[in-house]
Amino acid sequence: MAETLRMVVAVLGNVAAVSLYAAPTVTFKRVIRKKSIEEFSCIPYIIALMNCLLFTWYGLPVVSNQWENFPLVTVNGVGILFELSYVLIYFWFSSPKGKVKLTMTAIPVLIVFCVIAIVSSFAFPDHRHRKLFVGSIGLGVSIAMYGSPLVVMKKVIQTKSVEFMPLPLCLCSFLASSLWLTYGVLIRDIFVAGPSVIATPLGILQLVLHCKYWKRRVTEEPNKVDLQKGNTEKVDLEMGHGKERDSS
């Protein structure tokens with residue numbers, strides 16, 4: 001019964017996590033359509049890429065005992081593909097200065113991962129110490145990944161608009177973190193459950209902010225239309241006066 005429950009939670013966690021990784025596709029469709037990264041930051045996607053790399057490595061038999069953490073490998077393997085795609089799209093549509101900044105951020109991250117993989121493979125004699133080493137680093141990176149929306153939440157509070165914090169992303173973040181927290185508790189793995197202890201409350205906070213400010217975009221649209229309408233009427237009126245002067 002316990003094994004079945006763990007499997008069900010793992011499958012649901014995988015589905016929610018893949019949905020979380022796929023959620024930014026809405027954002028990047030906008031980037032591709034506008035051929036501009038606007039005010040979006042690349043940092044959350046680079047941190048998420050590092051997180052997926054670390055936990056894929058953590059779940060492989062090199063670090064874990066055989067395939068005890070196979071669900072981590074599947075979901076984070078998919079996450080690597082998504083996050084790498086986002087980083088490449090971001091790079092393509094960045095300004096030359098933005099491309100340099102992205103490169104200077106991404107390359108050190110990849111080098112650090114390679115160093116971690118090499119050290120964990122050869123410097124530690126057993127799985128327990130390898131898991132402790134990789135898991136501790138992964139825990140820190142995961143906390144940074146789940147904490148990165150704090151920057152976006154600050155912007156939401158300042159602008160009173162959820163334009164840069166889509167609802168699908170917030171919802172998937174909450175579901176994925178709560179399910180992986182449950183899974184980590186069930187398998188008694190602090191490195192799996194630990195990040196979600198922070199991520200779950202942050203997910204709830206994002207949903208609260210979304211509920212508070214989602215109407216902002218709706219109320220601004222009529223004002224914008226009214227303003228454009230008023231400007232059009234003003235131009236028509238001025239053109240009418242101009243014609244009257246010409247006829248006189």
# chains A, B, ... in the order shown; residues from 1 in each chain; ligands from 1
>>> residues_around(residues="Leu179 in chain A", least_positions_apart="4", cutoff="12 Å", atoms="only C-alpha atoms", output="MDAnalysis selection string")
chainID A and resid 5:17 172:175 183:186 192:193 195:197 199:200
>>> write_last_selection(atoms="N, CA, C and O atoms", output="mmCIF file, in the first residue's frame")
data_model
loop_
_atom_site.group_PDB
_atom_site.id
_atom_site.type_symbol
_atom_site.label_atom_id
_atom_site.label_comp_id
_atom_site.auth_asym_id
_atom_site.auth_seq_id
_atom_site.Cartn_x
_atom_site.Cartn_y
_atom_site.Cartn_z
ATOM 1 N N LEU A 5 1.188 4.142 -2.924
ATOM 2 C CA LEU A 5 0.966 5.553 -2.641
ATOM 3 C C LEU A 5 2.154 6.392 -3.117
ATOM 4 O O LEU A 5 1.965 7.459 -3.727
ATOM 5 N N ARG A 6 3.373 5.894 -2.856
ATOM 6 C CA ARG A 6 4.571 6.616 -3.311
ATOM 7 C C ARG A 6 4.595 6.731 -4.834
ATOM 8 O O ARG A 6 4.942 7.788 -5.386
ATOM 9 N N MET A 7 4.221 5.634 -5.501
ATOM 10 C CA MET A 7 4.227 5.642 -6.967
ATOM 11 C C MET A 7 3.199 6.617 -7.524
ATOM 12 O O MET A 7 3.472 7.360 -8.473
ATOM 13 N N VAL A 8 2.005 6.636 -6.931
ATOM 14 C CA VAL A 8 0.949 7.542 -7.390
ATOM 15 C C VAL A 8 1.377 9.000 -7.214
ATOM 16 O O VAL A 8 1.224 9.829 -8.128
ATOM 17 N N VAL A 9 1.932 9.312 -6.034
ATOM 18 C CA VAL A 9 2.384 10.683 -5.772
ATOM 19 C C VAL A 9 3.526 11.059 -6.710
ATOM 20 O O VAL A 9 3.597 12.193 -7.213
ATOM 21 N N ALA A 10 4.429 10.102 -6.992
ATOM 22 C CA ALA A 10 5.550 10.360 -7.901
ATOM 23 C C ALA A 10 5.049 10.670 -9.307
ATOM 24 O O ALA A 10 5.535 11.598 -9.967
ATOM 25 N N VAL A 11 4.063 9.900 -9.779
ATOM 26 C CA VAL A 11 3.514 10.130 -11.121
ATOM 27 C C VAL A 11 2.820 11.490 -11.193
ATOM 28 O O VAL A 11 3.031 12.268 -12.138
ATOM 29 N N LEU A 12 2.002 11.786 -10.179
ATOM 30 C CA LEU A 12 1.328 13.090 -10.143
ATOM 31 C C LEU A 12 2.340 14.231 -10.047
ATOM 32 O O LEU A 12 2.186 15.279 -10.685
ATOM 33 N N GLY A 13 3.391 14.012 -9.246
ATOM 34 C CA GLY A 13 4.449 15.020 -9.128
ATOM 35 C C GLY A 13 5.166 15.243 -10.442
ATOM 36 O O GLY A 13 5.496 16.383 -10.801
ATOM 37 N N ASN A 14 5.398 14.150 -11.185
ATOM 38 C CA ASN A 14 6.025 14.270 -12.498
ATOM 39 C C ASN A 14 5.162 15.070 -13.465
ATOM 40 O O ASN A 14 5.660 15.937 -14.197
ATOM 41 N N VAL A 15 3.856 14.777 -13.460
ATOM 42 C CA VAL A 15 2.934 15.486 -14.358
ATOM 43 C C VAL A 15 2.911 16.977 -14.021
ATOM 44 O O VAL A 15 2.991 17.837 -14.909
ATOM 45 N N ALA A 16 2.817 17.289 -12.721
ATOM 46 C CA ALA A 16 2.775 18.694 -12.295
ATOM 47 C C ALA A 16 4.090 19.404 -12.604
ATOM 48 O O ALA A 16 4.089 20.567 -13.037
ATOM 49 N N ALA A 17 5.206 18.702 -12.396
ATOM 50 C CA ALA A 17 6.516 19.318 -12.646
ATOM 51 C C ALA A 17 6.738 19.564 -14.133
ATOM 52 O O ALA A 17 7.272 20.617 -14.523
ATOM 53 N N CYS A 172 0.984 25.706 -11.498
ATOM 54 C CA CYS A 172 1.851 24.529 -11.657
ATOM 55 C C CYS A 172 2.951 24.515 -10.610
ATOM 56 O O CYS A 172 3.342 23.441 -10.126
ATOM 57 N N SER A 173 3.477 25.668 -10.266
ATOM 58 C CA SER A 173 4.521 25.753 -9.242
ATOM 59 C C SER A 173 4.008 25.256 -7.898
ATOM 60 O O SER A 173 4.684 24.483 -7.199
ATOM 61 N N PHE A 174 2.793 25.681 -7.543
ATOM 62 C CA PHE A 174 2.213 25.243 -6.271
ATOM 63 C C PHE A 174 1.947 23.743 -6.266
ATOM 64 O O PHE A 174 2.279 23.037 -5.302
ATOM 65 N N LEU A 175 1.347 23.222 -7.327
ATOM 66 C CA LEU A 175 1.020 21.796 -7.391
ATOM 67 C C LEU A 175 2.281 20.935 -7.374
ATOM 68 O O LEU A 175 2.350 19.934 -6.644
ATOM 69 N N TYR A 183 6.006 13.525 -1.677
ATOM 70 C CA TYR A 183 6.824 12.385 -2.109
ATOM 71 C C TYR A 183 8.107 12.296 -1.289
ATOM 72 O O TYR A 183 8.522 11.207 -0.869
ATOM 73 N N GLY A 184 8.746 13.440 -1.048
ATOM 74 C CA GLY A 184 9.978 13.448 -0.264
ATOM 75 C C GLY A 184 9.767 12.962 1.154
ATOM 76 O O GLY A 184 10.615 12.258 1.724
ATOM 77 N N VAL A 185 8.626 13.316 1.740
ATOM 78 C CA VAL A 185 8.293 12.839 3.092
ATOM 79 C C VAL A 185 8.050 11.330 3.075
ATOM 80 O O VAL A 185 8.505 10.598 3.969
ATOM 81 N N LEU A 186 7.364 10.839 2.037
ATOM 82 C CA LEU A 186 7.051 9.410 1.944
ATOM 83 C C LEU A 186 8.308 8.551 1.798
ATOM 84 O O LEU A 186 8.394 7.462 2.376
ATOM 85 N N VAL A 192 14.949 15.681 -1.411
ATOM 86 C CA VAL A 192 13.795 15.751 -2.308
ATOM 87 C C VAL A 192 12.713 16.648 -1.704
ATOM 88 O O VAL A 192 12.122 17.482 -2.394
ATOM 89 N N ALA A 193 12.464 16.492 -0.412
ATOM 90 C CA ALA A 193 11.398 17.254 0.247
ATOM 91 C C ALA A 193 11.821 18.673 0.611
ATOM 92 O O ALA A 193 10.986 19.596 0.606
ATOM 93 N N PRO A 195 13.503 21.384 -0.722
ATOM 94 C CA PRO A 195 13.185 22.576 -1.511
ATOM 95 C C PRO A 195 11.712 22.951 -1.473
ATOM 96 O O PRO A 195 11.353 24.130 -1.489
ATOM 97 N N SER A 196 10.849 21.941 -1.403
ATOM 98 C CA SER A 196 9.406 22.196 -1.439
ATOM 99 C C SER A 196 8.880 22.791 -0.140
ATOM 100 O O SER A 196 7.781 23.338 -0.111
ATOM 101 N N VAL A 197 9.655 22.671 0.935
ATOM 102 C CA VAL A 197 9.256 23.305 2.196
ATOM 103 C C VAL A 197 9.185 24.821 2.015
ATOM 104 O O VAL A 197 8.339 25.502 2.605
ATOM 105 N N ALA A 199 9.200 26.155 -1.326
ATOM 106 C CA ALA A 199 8.478 26.399 -2.573
ATOM 107 C C ALA A 199 6.963 26.420 -2.392
ATOM 108 O O ALA A 199 6.273 27.204 -3.040
ATOM 109 N N THR A 200 6.444 25.564 -1.519
ATOM 110 C CA THR A 200 4.994 25.486 -1.345
ATOM 111 C C THR A 200 4.401 26.791 -0.793
ATOM 112 O O THR A 200 3.430 27.316 -1.356
#
>>> residues_around(residues="Ile43 in chain A", least_positions_apart="6", cutoff="12 Å", atoms="only C-alpha atoms", output="mmCIF file with C-alpha atoms, in the first residue's frame")
data_model
loop_
_atom_site.group_PDB
_atom_site.id
_atom_site.type_symbol
_atom_site.label_atom_id
_atom_site.label_comp_id
_atom_site.auth_asym_id
_atom_site.auth_seq_id
_atom_site.Cartn_x
_atom_site.Cartn_y
_atom_site.Cartn_z
ATOM 1 C CA LEU A 49 18.539 24.335 -15.766
ATOM 2 C CA MET A 50 21.186 23.866 -13.082
ATOM 3 C CA GLU A 83 15.001 24.927 -19.760
ATOM 4 C CA TYR A 86 14.179 28.643 -23.090
ATOM 5 C CA VAL A 87 17.779 29.734 -22.591
ATOM 6 C CA TYR A 90 16.339 34.005 -24.816
ATOM 7 C CA PHE A 91 19.859 34.140 -26.255
ATOM 8 C CA GLY A 98 22.250 40.666 -23.337
ATOM 9 C CA LYS A 101 25.517 38.696 -20.069
ATOM 10 C CA LEU A 102 23.713 35.397 -20.683
ATOM 11 C CA THR A 103 26.906 33.682 -21.837
ATOM 12 C CA MET A 104 28.871 34.957 -18.837
ATOM 13 C CA THR A 105 26.168 33.548 -16.555
ATOM 14 C CA ALA A 106 25.433 30.202 -18.242
ATOM 15 C CA VAL A 109 27.001 27.333 -14.229
ATOM 16 C CA ALA A 144 17.381 29.610 -5.167
ATOM 17 C CA MET A 145 15.195 28.403 -8.054
ATOM 18 C CA TYR A 146 11.989 28.474 -6.038
ATOM 19 C CA GLY A 147 13.038 31.771 -4.462
ATOM 20 C CA SER A 148 13.671 33.488 -7.805
ATOM 21 C CA PRO A 149 9.930 34.329 -8.241
ATOM 22 C CA VAL A 151 11.817 39.205 -7.822
ATOM 23 C CA VAL A 152 8.732 38.828 -10.002
#
>>> closest_residue(among="A:Ser64, A:Thr182, A:Thr56, A:Ser94", to="Val31 in chain A", atoms="only C-alpha atoms")
A:Ser94
>>> select_by_dssp(residues="range 3-44 of chain A", states="alpha helix (DSSP H)", output="ChimeraX atom specification")
/A:3-22,25-34,43-44
>>> write_last_selection(atoms="N, CA and C atoms", output="mmCIF file, in the first residue's frame")
data_model
loop_
_atom_site.group_PDB
_atom_site.id
_atom_site.type_symbol
_atom_site.label_atom_id
_atom_site.label_comp_id
_atom_site.auth_asym_id
_atom_site.auth_seq_id
_atom_site.Cartn_x
_atom_site.Cartn_y
_atom_site.Cartn_z
ATOM 1 N N GLU A 3 3.965 1.508 -0.984
ATOM 2 C CA GLU A 3 4.682 1.591 -2.256
ATOM 3 C C GLU A 3 3.772 2.140 -3.360
ATOM 4 N N THR A 4 2.531 1.707 -3.360
ATOM 5 C CA THR A 4 1.562 2.203 -4.348
ATOM 6 C C THR A 4 1.315 3.698 -4.173
ATOM 7 N N LEU A 5 1.188 4.142 -2.924
ATOM 8 C CA LEU A 5 0.966 5.553 -2.641
ATOM 9 C C LEU A 5 2.154 6.392 -3.117
ATOM 10 N N ARG A 6 3.373 5.894 -2.856
ATOM 11 C CA ARG A 6 4.571 6.616 -3.311
ATOM 12 C C ARG A 6 4.595 6.731 -4.834
ATOM 13 N N MET A 7 4.221 5.634 -5.501
ATOM 14 C CA MET A 7 4.227 5.642 -6.967
ATOM 15 C C MET A 7 3.199 6.617 -7.524
ATOM 16 N N VAL A 8 2.005 6.636 -6.931
ATOM 17 C CA VAL A 8 0.949 7.542 -7.390
ATOM 18 C C VAL A 8 1.377 9.000 -7.214
ATOM 19 N N VAL A 9 1.932 9.312 -6.034
ATOM 20 C CA VAL A 9 2.384 10.683 -5.772
ATOM 21 C C VAL A 9 3.526 11.059 -6.710
ATOM 22 N N ALA A 10 4.429 10.102 -6.992
ATOM 23 C CA ALA A 10 5.550 10.360 -7.901
ATOM 24 C C ALA A 10 5.049 10.670 -9.307
ATOM 25 N N VAL A 11 4.063 9.900 -9.779
ATOM 26 C CA VAL A 11 3.514 10.130 -11.121
ATOM 27 C C VAL A 11 2.820 11.490 -11.193
ATOM 28 N N LEU A 12 2.002 11.786 -10.179
ATOM 29 C CA LEU A 12 1.328 13.090 -10.143
ATOM 30 C C LEU A 12 2.340 14.231 -10.047
ATOM 31 N N GLY A 13 3.391 14.012 -9.246
ATOM 32 C CA GLY A 13 4.449 15.020 -9.128
ATOM 33 C C GLY A 13 5.166 15.243 -10.442
ATOM 34 N N ASN A 14 5.398 14.150 -11.185
ATOM 35 C CA ASN A 14 6.025 14.270 -12.498
ATOM 36 C C ASN A 14 5.162 15.070 -13.465
ATOM 37 N N VAL A 15 3.856 14.777 -13.460
ATOM 38 C CA VAL A 15 2.934 15.486 -14.358
ATOM 39 C C VAL A 15 2.911 16.977 -14.021
ATOM 40 N N ALA A 16 2.817 17.289 -12.721
ATOM 41 C CA ALA A 16 2.775 18.694 -12.295
ATOM 42 C C ALA A 16 4.090 19.404 -12.604
ATOM 43 N N ALA A 17 5.206 18.702 -12.396
ATOM 44 C CA ALA A 17 6.516 19.318 -12.646
ATOM 45 C C ALA A 17 6.738 19.564 -14.133
ATOM 46 N N VAL A 18 6.344 18.612 -14.982
ATOM 47 C CA VAL A 18 6.466 18.808 -16.429
ATOM 48 C C VAL A 18 5.586 19.977 -16.876
ATOM 49 N N SER A 19 4.391 20.079 -16.276
ATOM 50 C CA SER A 19 3.519 21.218 -16.571
ATOM 51 C C SER A 19 4.173 22.528 -16.153
ATOM 52 N N LEU A 20 4.885 22.489 -15.017
ATOM 53 C CA LEU A 20 5.605 23.679 -14.546
ATOM 54 C C LEU A 20 6.707 24.057 -15.526
ATOM 55 N N TYR A 21 7.450 23.053 -16.002
ATOM 56 C CA TYR A 21 8.513 23.330 -16.969
ATOM 57 C C TYR A 21 7.946 23.842 -18.295
ATOM 58 N N ALA A 22 6.739 23.376 -18.641
ATOM 59 C CA ALA A 22 6.135 23.774 -19.912
ATOM 60 C C ALA A 22 5.417 25.120 -19.829
ATOM 61 N N THR A 25 6.281 28.336 -21.836
ATOM 62 C CA THR A 25 6.140 28.370 -23.293
ATOM 63 C C THR A 25 5.230 29.517 -23.731
ATOM 64 N N VAL A 26 4.260 29.871 -22.883
ATOM 65 C CA VAL A 26 3.394 31.021 -23.186
ATOM 66 C C VAL A 26 4.231 32.293 -23.266
ATOM 67 N N THR A 27 5.136 32.443 -22.307
ATOM 68 C CA THR A 27 6.015 33.611 -22.281
ATOM 69 C C THR A 27 6.904 33.653 -23.508
ATOM 70 N N PHE A 28 7.462 32.498 -23.886
ATOM 71 C CA PHE A 28 8.423 32.484 -24.991
ATOM 72 C C PHE A 28 7.742 32.527 -26.356
ATOM 73 N N LYS A 29 6.469 32.164 -26.428
ATOM 74 C CA LYS A 29 5.706 32.421 -27.648
ATOM 75 C C LYS A 29 5.590 33.927 -27.855
ATOM 76 N N ARG A 30 5.386 34.638 -26.770
ATOM 77 C CA ARG A 30 5.306 36.099 -26.830
ATOM 78 C C ARG A 30 6.657 36.696 -27.242
ATOM 79 N N VAL A 31 7.736 36.145 -26.686
ATOM 80 C CA VAL A 31 9.080 36.620 -27.038
ATOM 81 C C VAL A 31 9.341 36.417 -28.527
ATOM 82 N N ILE A 32 8.979 35.228 -29.044
ATOM 83 C CA ILE A 32 9.195 34.931 -30.459
ATOM 84 C C ILE A 32 8.323 35.823 -31.328
ATOM 85 N N ARG A 33 7.073 36.033 -30.917
ATOM 86 C CA ARG A 33 6.149 36.861 -31.696
ATOM 87 C C ARG A 33 6.627 38.311 -31.771
ATOM 88 N N LYS A 34 7.100 38.818 -30.647
ATOM 89 C CA LYS A 34 7.535 40.217 -30.601
ATOM 90 C C LYS A 34 9.014 40.399 -30.939
ATOM 91 N N ILE A 43 17.769 34.717 -15.611
ATOM 92 C CA ILE A 43 18.314 34.077 -14.409
ATOM 93 C C ILE A 43 17.461 32.905 -13.912
ATOM 94 N N PRO A 44 16.121 33.046 -13.812
ATOM 95 C CA PRO A 44 15.325 31.905 -13.329
ATOM 96 C C PRO A 44 15.485 30.654 -14.179
#
>>> closest_residue(among="A:Ala176, A:Cys211, A:Leu205, A:Leu53", to="Ala23 in chain A", atoms="only C-alpha atoms")
A:Ala176
>>> atom_distance(atom1="CA of Ile143 in chain A", atom2="CA of Lys131 in chain A")
17.4 Å
>>> closest_residue(among="A:Leu88, A:Val162, A:Cys42, A:Met153", to="Ile204 in chain A", atoms="only C-alpha atoms")
A:Met153
